[in-house]
file target-v4.txt (compact mmCIF, C-alpha atoms)
# COMPACT_ATOMS: atom_id res chain seq x y z
CA MET A 1383 0.00 0.00 0.00
CA SER A 1384 1.37 3.37 -1.02
CA ASP A 1385 1.88 6.13 1.53
CA CYS A 1386 0.79 8.88 -0.84
CA GLY A 1387 -1.43 9.50 -3.85
CA ASN A 1388 -4.09 11.76 -5.28
CA LEU A 1389 -7.79 11.25 -4.63
CA PHE A 1390 -8.82 12.75 -7.94
CA GLU A 1391 -6.63 10.57 -10.14
CA GLY A 1392 -6.38 6.92 -11.03
CA PHE A 1393 -9.94 6.13 -12.01
CA ASP A 1394 -12.03 5.92 -15.15
CA PRO A 1395 -14.69 8.66 -15.07
CA GLY A 1396 -16.90 6.58 -17.33
CA ALA A 1397 -16.57 3.28 -15.45
CA ALA A 1398 -19.58 1.00 -15.38
CA GLN A 1399 -18.78 -0.15 -11.83
CA GLU A 1400 -18.11 1.68 -8.60
CA ARG A 1401 -14.46 1.69 -7.64
CA PHE A 1402 -13.15 1.06 -4.11
CA ASP A 1403 -9.53 1.72 -3.06
CA THR A 1404 -8.24 1.18 0.46
CA LEU A 1405 -5.73 3.98 1.12
CA LEU A 1406 -4.86 3.13 4.72
CA SER A 1407 -5.46 0.03 6.78
CA ARG A 1408 -4.36 -0.30 10.36
CA PRO A 1409 -5.91 -1.80 13.48
CA GLY A 1410 -9.13 0.07 14.18
CA LEU A 1411 -9.03 2.28 11.08
CA ARG A 1412 -9.48 1.83 7.36
CA ILE A 1413 -9.57 4.78 4.98
CA GLU A 1414 -11.15 4.12 1.63
CA ARG A 1415 -11.79 6.09 -1.53
CA VAL A 1416 -14.95 5.27 -3.41
CA VAL A 1417 -15.66 6.56 -6.90
CA SER A 1418 -19.27 6.32 -8.05
CA THR A 1419 -20.18 6.97 -11.66
CA GLY A 1420 -23.94 6.92 -11.59
CA GLN A 1421 -24.41 3.75 -9.52
CA ALA A 1422 -26.83 3.37 -6.63
CA SER A 1423 -27.31 0.71 -3.99
CA ALA A 1424 -29.23 -2.29 -5.29
CA PRO A 1425 -32.99 -2.03 -4.79
CA ASP A 1426 -33.92 -2.71 -1.17
CA HIS A 1427 -30.26 -3.09 -0.19
CA TRP A 1428 -29.35 -1.35 3.07
CA TYR A 1429 -25.82 -0.97 4.37
CA ASP A 1430 -25.77 -2.21 7.97
CA GLN A 1431 -22.19 -1.94 9.10
CA PRO A 1432 -20.65 -3.08 12.39
CA GLN A 1433 -18.07 -0.26 12.24
CA ALA A 1434 -18.63 3.46 12.61
CA GLU A 1435 -18.19 5.31 9.33
CA TRP A 1436 -17.21 8.90 8.70
CA VAL A 1437 -17.75 9.80 5.08
CA VAL A 1438 -17.42 12.89 2.92
CA LEU A 1439 -18.49 13.50 -0.67
CA LEU A 1440 -15.78 15.47 -2.46
CA THR A 1441 -16.98 15.76 -6.04
CA GLY A 1442 -20.20 15.00 -7.91
CA SER A 1443 -23.46 14.62 -6.06
CA ALA A 1444 -25.42 11.88 -4.36
CA VAL A 1445 -28.68 11.03 -2.66
CA LEU A 1446 -28.28 9.18 0.63
CA ARG A 1447 -31.18 7.73 2.59
CA PHE A 1448 -31.24 6.60 6.20
CA GLU A 1449 -33.89 4.04 7.05
CA ASP A 1450 -34.80 6.06 10.15
CA GLU A 1451 -35.38 9.32 8.27
CA ALA A 1452 -38.42 10.24 6.20
CA GLU A 1453 -36.54 12.22 3.57
CA PRO A 1454 -33.35 11.39 1.70
CA ARG A 1455 -30.35 13.70 2.00
CA MET A 1456 -29.03 15.44 -1.09
CA LEU A 1457 -25.24 15.56 -0.85
CA ARG A 1458 -22.98 18.00 -2.62
CA PRO A 1459 -19.20 18.44 -2.55
CA GLY A 1460 -17.84 18.87 0.97
CA ASP A 1461 -20.84 17.35 2.73
CA TRP A 1462 -19.75 14.94 5.45
CA LEU A 1463 -21.61 12.66 7.83
CA ALA A 1464 -20.78 10.46 10.79
CA ILE A 1465 -22.76 7.22 10.52
CA ALA A 1466 -23.17 5.18 13.69
CA PRO A 1467 -22.61 1.41 13.58
CA HIS A 1468 -25.67 -0.44 12.32
CA ARG A 1469 -27.48 2.72 11.26
CA ARG A 1470 -29.05 1.45 8.08
CA HIS A 1471 -28.56 3.56 4.98
CA ARG A 1472 -28.43 3.30 1.23
CA VAL A 1473 -27.25 5.36 -1.71
CA GLU A 1474 -30.31 6.16 -3.78
CA ALA A 1475 -28.41 7.81 -6.61
CA THR A 1476 -25.08 9.27 -7.65
CA ASP A 1477 -24.28 11.83 -10.29
CA ALA A 1478 -24.50 10.44 -13.82
CA GLN A 1479 -22.36 13.19 -15.37
CA THR A 1480 -19.58 13.89 -12.86
CA PRO A 1481 -17.77 11.17 -10.91
CA SER A 1482 -18.65 11.23 -7.22
CA VAL A 1483 -15.46 10.83 -5.19
CA TRP A 1484 -16.11 9.77 -1.59
CA LEU A 1485 -13.64 9.43 1.23
CA ALA A 1486 -14.66 7.12 4.06
CA ALA A 1487 -13.02 6.33 7.38
CA HIS A 1488 -14.23 3.09 8.94
CA SER A 1489 -13.27 2.88 12.58
CA GLY A 1490 -13.67 0.59 15.54
CA ASP A 1491 -13.42 -3.14 15.84
CA MET B 52 -20.21 17.87 18.12
CA SER B 53 -22.37 17.77 15.01
CA ASP B 54 -22.76 14.58 13.01
CA CYS B 55 -22.78 16.36 9.65
CA GLY B 56 -21.48 19.48 7.96
CA ASN B 57 -19.68 20.79 4.91
CA LEU B 58 -15.89 20.96 4.66
CA PHE B 59 -15.95 23.96 2.34
CA GLU B 60 -18.16 26.17 4.49
CA GLY B 61 -17.92 27.88 7.84
CA PHE B 62 -14.61 29.65 7.57
CA ASP B 63 -13.30 33.07 6.67
CA PRO B 64 -11.25 32.83 3.46
CA GLY B 65 -9.29 35.89 4.49
CA ALA B 66 -8.56 34.84 8.08
CA ALA B 67 -5.23 35.86 9.57
CA GLN B 68 -4.97 32.63 11.55
CA GLU B 69 -5.19 28.98 10.59
CA ARG B 70 -8.46 27.39 11.63
CA PHE B 71 -8.77 23.93 13.23
CA ASP B 72 -12.10 22.11 13.64
CA THR B 73 -12.43 18.65 15.15
CA LEU B 74 -15.17 16.88 13.20
CA LEU B 75 -15.03 13.50 14.92
CA SER B 76 -13.41 12.40 18.14
CA ARG B 77 -13.58 8.86 19.41
CA PRO B 78 -11.12 6.54 21.10
CA GLY B 79 -8.21 6.03 18.73
CA LEU B 80 -9.42 8.42 16.03
CA ARG B 81 -9.76 12.14 15.61
CA ILE B 82 -10.78 13.71 12.31
CA GLU B 83 -9.92 17.34 11.90
CA ARG B 84 -10.41 20.00 9.27
CA VAL B 85 -7.67 22.58 8.93
CA VAL B 86 -8.04 25.72 6.84
CA SER B 87 -4.82 27.53 6.00
CA THR B 88 -4.90 30.98 4.47
CA GLY B 89 -1.27 31.62 3.68
CA GLN B 90 0.23 30.47 6.97
CA ALA B 91 3.30 28.28 7.36
CA SER B 92 4.86 26.51 10.31
CA ALA B 93 6.94 28.83 12.45
CA PRO B 94 10.60 28.99 11.42
CA ASP B 95 12.43 25.86 12.58
CA HIS B 96 9.24 24.37 13.99
CA TRP B 97 8.81 20.67 13.20
CA TYR B 98 5.67 18.68 13.90
CA ASP B 99 6.69 15.56 15.82
CA GLN B 100 3.47 13.76 16.61
CA PRO B 101 2.98 10.62 18.71
CA GLN B 102 -0.03 9.61 16.60
CA ALA B 103 -0.10 8.44 13.01
CA GLU B 104 -1.62 11.03 10.68
CA TRP B 105 -3.36 10.57 7.37
CA VAL B 106 -3.85 13.91 5.65
CA VAL B 107 -5.24 15.16 2.37
CA LEU B 108 -5.16 18.61 0.83
CA LEU B 109 -8.52 19.34 -0.80
CA THR B 110 -8.26 22.91 -2.05
CA GLY B 111 -5.50 25.48 -2.43
CA SER B 112 -1.87 24.40 -2.47
CA ALA B 113 0.91 23.80 0.04
CA VAL B 114 4.56 22.99 0.41
CA LEU B 115 5.28 20.23 2.91
CA ARG B 116 8.75 19.25 4.03
CA PHE B 117 9.87 16.10 5.79
CA GLU B 118 13.06 16.40 7.79
CA ASP B 119 14.29 13.12 6.27
CA GLU B 120 13.82 14.23 2.66
CA ALA B 121 16.05 16.54 0.66
CA GLU B 122 13.28 18.20 -1.30
CA PRO B 123 9.96 19.60 -0.15
CA ARG B 124 6.75 18.21 -1.58
CA MET B 125 4.45 20.49 -3.55
CA LEU B 126 0.87 19.52 -2.74
CA ARG B 127 -2.15 20.20 -4.89
CA PRO B 128 -5.82 19.34 -4.41
CA GLY B 129 -6.40 15.64 -3.82
CA ASP B 130 -2.84 14.88 -2.70
CA TRP B 131 -2.82 12.66 0.37
CA LEU B 132 -0.06 11.30 2.59
CA ALA B 133 0.24 8.87 5.46
CA ILE B 134 2.66 10.27 8.04
CA ALA B 135 4.17 7.83 10.52
CA PRO B 136 4.30 8.75 14.22
CA HIS B 137 7.27 10.97 15.01
CA ARG B 138 8.16 11.52 11.37
CA ARG B 139 9.16 15.16 11.58
CA HIS B 140 7.58 17.50 9.08
CA ARG B 141 6.64 21.11 8.61
CA VAL B 142 4.46 23.20 6.33
CA GLU B 143 6.76 25.54 4.47
CA ALA B 144 3.99 27.49 2.77
CA THR B 145 0.30 27.50 1.95
CA ASP B 146 -1.57 29.25 -0.84
CA ALA B 147 -1.91 32.99 -0.25
CA GLN B 148 -4.82 33.40 -2.70
CA THR B 149 -7.02 30.34 -2.23
CA PRO B 150 -7.80 28.80 1.17
CA SER B 151 -6.11 25.44 1.65
CA VAL B 152 -8.61 23.02 3.17
CA TRP B 153 -6.97 19.95 4.73
CA LEU B 154 -8.61 16.90 6.20
CA ALA B 155 -6.55 14.96 8.73
CA ALA B 156 -7.21 11.69 10.52
CA HIS B 157 -5.09 11.21 13.64
CA SER B 158 -5.11 7.61 14.76
CA GLY B 159 -3.66 5.41 17.44
CA ASP B 160 -3.15 6.00 21.12

call {"tool": "encode", "arguments": {"input": "target-v4.txt", "output": "structure tokens"}}
result
Amino acid sequence: MSDCGNLFEGFDPGAAQERFDTLLSRPGLRIERVVSTGQASAPDHWYDQPQAEWVVLLTGSAVLRFEDEAEPRMLRPGDWLAIAPHRRHRVEATDAQTPSVWLAAHSGD
Amino acid sequence: MSDCGNLFEGFDPGAAQERFDTLLSRPGLRIERVVSTGQASAPDHWYDQPQAEWVVLLTGSAVLRFEDEAEPRMLRPGDWLAIAPHRRHRVEATDAQTPSVWLAAHSGD
């Protein structure tokens, strides 16, 4: 694993699949870049993660829904959220024109 | 502490001082936003941190120097680095025109 890089390079902006790159992995912490190019979570799929997640959207746009909220959240560049373990959420949509670069820190055991 | 926000809001782009905001603090992990508006580390000051740091520059530009490297590193938006505990480094310069927004994850005990 490299100890440096650039978040906005090294991906295909027209990729058919979401891209996941682990940038740092150490006990209790994993930092990951995700690049979405129009994908969304599968219908009726909810993320239900044992670890806490801190995530920020850096480019593009996205629609994030928490199961415990009535309305989805519209995310734009710079928007960050702390997501508690097991708080169920899904990505309803990501930008179809501009790649959505996310940075996520997964922490805890 | 809030559980959401925007990295690119809530600061004065012409501030005389660097701004530090802790966005997440939990055992073993602290996530911090730093906004530099032309500041540099004090002359001959070296950061020498007991915790590992993962840092990314998101806007602006900066010159970072490691004591164990001959040449400084010129950072531009998206550039990230993992800095080992006690690896001495300093910020030689930050952009005087555009605010330099950094995101840092400090991990370990």

call {"tool": "closest_atom_pairs", "arguments": {"input": "target-v4.txt", "of": "chain A", "to": "chain B", "cutoff": "7 Å", "atoms": "only C-alpha atoms", "output": "CSV"}}
result
residue,atom,partner,partner_atom,distance
A:Asp1385,CA,B:Ala133,CA,5.1
A:Cys1386,CA,B:Leu132,CA,4.3
A:Gly1387,CA,B:Trp131,CA,5.5
A:Asn1388,CA,B:Asp130,CA,4.2
A:Leu1389,CA,B:Gly129,CA,4.7
A:Phe1390,CA,B:Gly129,CA,5.6
A:Gly1460,CA,B:Leu58,CA,4.7
A:Asp1461,CA,B:Asn57,CA,4.2
A:Trp1462,CA,B:Cys55,CA,5.4
A:Leu1463,CA,B:Cys55,CA,4.3
A:Ala1464,CA,B:Asp54,CA,5.1

call {"tool": "write_last_selection", "arguments": {"input": "target-v4.txt", "atoms": "C-alpha atoms", "output": "short mmCIF file (atom, residue, chain, number, x, y, z; two decimals), in the frame of the given file"}}
result
data_model
loop_
_atom_site.label_atom_id
_atom_site.label_comp_id
_atom_site.auth_asym_id
_atom_site.auth_seq_id
_atom_site.Cartn_x
_atom_site.Cartn_y
_atom_site.Cartn_z
CA ASP A 1385 1.88 6.13 1.53
CA CYS A 1386 0.79 8.88 -0.84
CA GLY A 1387 -1.43 9.50 -3.85
CA ASN A 1388 -4.09 11.76 -5.28
CA LEU A 1389 -7.79 11.25 -4.63
CA PHE A 1390 -8.82 12.75 -7.94
CA GLY A 1460 -17.84 18.87 0.97
CA ASP A 1461 -20.84 17.35 2.73
CA TRP A 1462 -19.75 14.94 5.45
CA LEU A 1463 -21.61 12.66 7.83
CA ALA A 1464 -20.78 10.46 10.79
#

call {"tool": "atom_distance", "arguments": {"input": "target-v4.txt", "atom1": "atom CA of Glu122 of chain B", "atom2": "atom CA of Trp97 of chain B"}}
result
15.4 Å

call {"tool": "axis_aligned_box", "arguments": {"input": "target-v4.txt", "around": "segment 126-144 of chain B", "padding_each_side": "8 Å", "output": "lines of an AutoDock Vina configuration file"}}
result
center_x = 1.4
center_y = 17.7
center_z = 5.1
size_x = 31.6
size_y = 35.7
size_z = 35.9

call {"tool": "atom_distance", "arguments": {"input": "target-v4.txt", "atom1": "atom CA of Gln1433 of chain A", "atom2": "atom CA of Arg1469 of chain A"}}
result
9.9 Å
